[in-house]
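Student: The structure under discussion is supplied below as structure tokens; questions concerning it will follow.
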Amino acid sequence: MTSMRKIHYFDGFSNESDDTIFHLEQDFGAHHYERIHLVVRHAKGCWLTDDKGNKYLDCLAAYSAANPGHHHPTITNAVMDALIGNYASVLSNVVFTDPLGIFLSEAAKFTPQMAPRFGNHGNKVLPKNGGVESVETAIKAMRYYGFKQKGIPDGKQEIIVFNNNFHGRTISVVSFSSKKKNYEGFGPLTPGFVSVEFGNIEAVKNAITPNTCGILVEPFQGEGGMLIPPKGFLAGLRTLCDDNDLLLMADEIQVGMGRTGKKFCFEHENIVPDGVILGKALSGGLIPLSVFITNAKLMDMVFSKGSDGSTFGGYPLACVAGTASLKVFEEEKLAEQAAKKGEILKKRIQEIGERSPHVKEVRGKGLFIGIEVKNGNAMDFCHKLLKLGLVVNDSHGHTIRISPPLVINEKEMDFMVEQLEKALVG
């Protein structure tokens, strides 16, 4: 039986050795992730700590889930109060709870009026757990709109998506992945998706048919290589959707909540989508929580009693964390922090790139920065950087992903830049 006493090791869950943990995962877990050789025992702010007390700067932030930093005190205390106060437990959706009602109202007000062409009816929110569940919710909304409003025969609806997208790993979502390893052997795959080149507005235009009901887009691609589309691309999608009566859905799970220097990534082109998908940082990285937010008129058109549901979607503890996270976002001006710090950090990394024989390009907005390497061996550099005290990962094999918590300070950025200099310049 695994002991949970803390004796020799730095503040953490157990006193089991790292080797024991590696073997436990090897023997009892699915091998579905490529991991770096580190067991994290403690996470606080921008730092991760191992069993010896060695600290590592988190430059990944769990793919933007830890935007406010690990164990942010406001969010952590709200969760602890809920647990101690006995209002955290999951309850049947047959009853109402005040954490859900309050969270829904705060989340609905957090975004601008979605789908403004349908009228100023306010927003409504459908909560789920992991982000991919809310992606599936948005897919449902587009398909139902095509069926109900456009008269597309049920089963013939088509949604335009983009090459090298990443929206999750359910069967429907991997069905339109560009990566063979994501879908091979998992068939039959879900039909109804047409994938075109990211950033190519003409390709989108040519893909529209009478059966097209919507477009699903990441405003910036994270897993696709930290890619920023050409200026005007999102605005072009908005125009195409308006002209062809399509729904435009923005997956902002990784790039929303301040990550790119604005509250939402779609704000860089001054557009408003018909629906937005949020997750990861929505609960401060403490509790699985995601949402699909759209115009109340559309939400009421698509979802009726029994047409959707989730036992843990919107349960009290998640809603408490979500409400606290939205408060932290506003009070600490996380988007503004990301914009200011990201401009400085990107410039410093670009200077390294100009002197490095390995760097092809540095790109990004806010604290969403990619360092593309010439030989497509980004993971090799990630392993080097771990030894230098940075936790990073690759994107699409060729790009080092830099996306630290938005609360990173000047001293921490100095440390990051010094280690990047060592790994990329020498």
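Labels used: A, B, ... for chains in the order of the structure tokens, numbers from 1 for residues in each chain, and numbers from 1 for ligands as shown.
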Check which residues of region 293-326 of chain A sit at most 8 Å from region 107-122 of chain A using only C-alpha atoms, and return one row each with the closest pair of atoms and their distance in Å to one decimal, ordered by chain and rising number, as CSV.
Tutor:
```
residue,atom,partner,partner_atom,distance
A:Ile293,CA,A:Ala108,CA,6.9
A:Thr294,CA,A:Met114,CA,5.2
A:Asn295,CA,A:Met114,CA,5.0
A:Ala296,CA,A:Gly122,CA,5.8
A:Lys297,CA,A:His121,CA,6.5
A:Thr323,CA,A:Ala107,CA,7.9
A:Leu326,CA,A:Ala107,CA,7.7
```
Student: So which residues of region 248-385 of chain A fall under helix (DSSP H, G or I) by DSSP, listed as a ChimeraX atom specification?
Tutor: /A:265-269,280-283,296-302,316-331,334-355,378-385
Student: Which of these residues is nearest to Gly232 (chain A), using only C-alpha atoms: A:Val217, A:Val196, A:Ile271, A:Ile253?
Tutor: A:Ile271
Student: Applying 8 Å and only C-alpha atoms, which residues near region 344-358 of chain A remain after dropping the ones on its own chain fewer than 4 positions away? List them as a list in words.
Tutor: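 Those residues are Lys340, Val362, Arg363, Gly364, Leu367, Ile369, Val373, Lys374, Asn375, Met413, Val417, Leu420, Glu421, Leu424 and Val425 of chain A.
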Student: Taking only residues of region 205-227 of chain A that have an atom at most 10 Å from an atom of region 128-151 of chain A, what is each one's shortest atom pair and its distance in Å to one decimal, using only C-alpha atoms, in chain and number order, as a tab-separated table?
Tutor:
```
residue	atom	partner	partner_atom	distance
A:Pro210	CA	A:Lys150	CA	9.0
A:Asn211	CA	A:Gly146	CA	7.6
A:Thr212	CA	A:Gly146	CA	7.5
A:Cys213	CA	A:Gly146	CA	4.8
A:Gly214	CA	A:Met142	CA	5.6
A:Ile215	CA	A:Met142	CA	8.3
A:Leu216	CA	A:Ile139	CA	8.1
```
Student: Which residues, written as a PyMOL selection string, have at least one atom at most 8 Å from region 46-63 of chain A, with only C-alpha atoms counted and residues fewer than 4 positions away on the same chain left out?
Tutor: chain A and resi 9-12+18+38-42+67+69-70+254+280+386+389-393+401-405+407-408+412+416
Student: Determine which residues of region 189-246 of chain A DSSP labels as strand (DSSP E) from the backbone of this structure, then write them out as a list of chain:residue names.
Tutor: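 Residues of region 189-246 of chain A classed as strand (DSSP E): A:Phe193, A:Val194, A:Ser195, A:Val196, A:Thr212, A:Cys213, A:Gly214, A:Ile215, A:Leu216, A:Val217.
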Student: CA of Gly222 (chain A) and CA of Val255 (chain A) are how many Å apart?
Tutor: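 Value for the CA of Gly222 (chain A)-CA of Val255 (chain A) distance: 7.8 Å.
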Student: Between CA of Lys44 (chain A) and CA of Ala88 (chain A), what is the spacing in Å?
Tutor: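 Result for CA of Ala88 (chain A) versus CA of Lys44 (chain A): 23.0 Å, one decimal.
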Student: As number ranges by chain, please: the residues near Gly322 (chain A) (cut-off 8 Å, only C-alpha atoms, same-chain neighbours under 5 positions excluded).
Tutor: A: 103, 282-284, 289
Student: Nearest to Gln419 (chain A) among A:Val291, A:Cys382, A:Val125, A:Leu406, with distances taken over only C-alpha atoms: which residue is it?
Tutor: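 With only C-alpha atoms as the atom set, the closest residue is A:Cys382.
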Student: Between CA of Met249 (chain A) and CA of Leu100 (chain A), what is the spacing in Å?
Tutor: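 Taking CA of Leu100 (chain A) as the start and CA of Met249 (chain A) as the end point, the length is 23.8 Å.
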Student: So which residues touch Ile102 (chain A) within 9 Å, counting only C-alpha atoms, skipping near sequence neighbours fewer than 4 positions away, as number ranges by chain?
Tutor: A: 97-98, 106-107, 319-320, 323
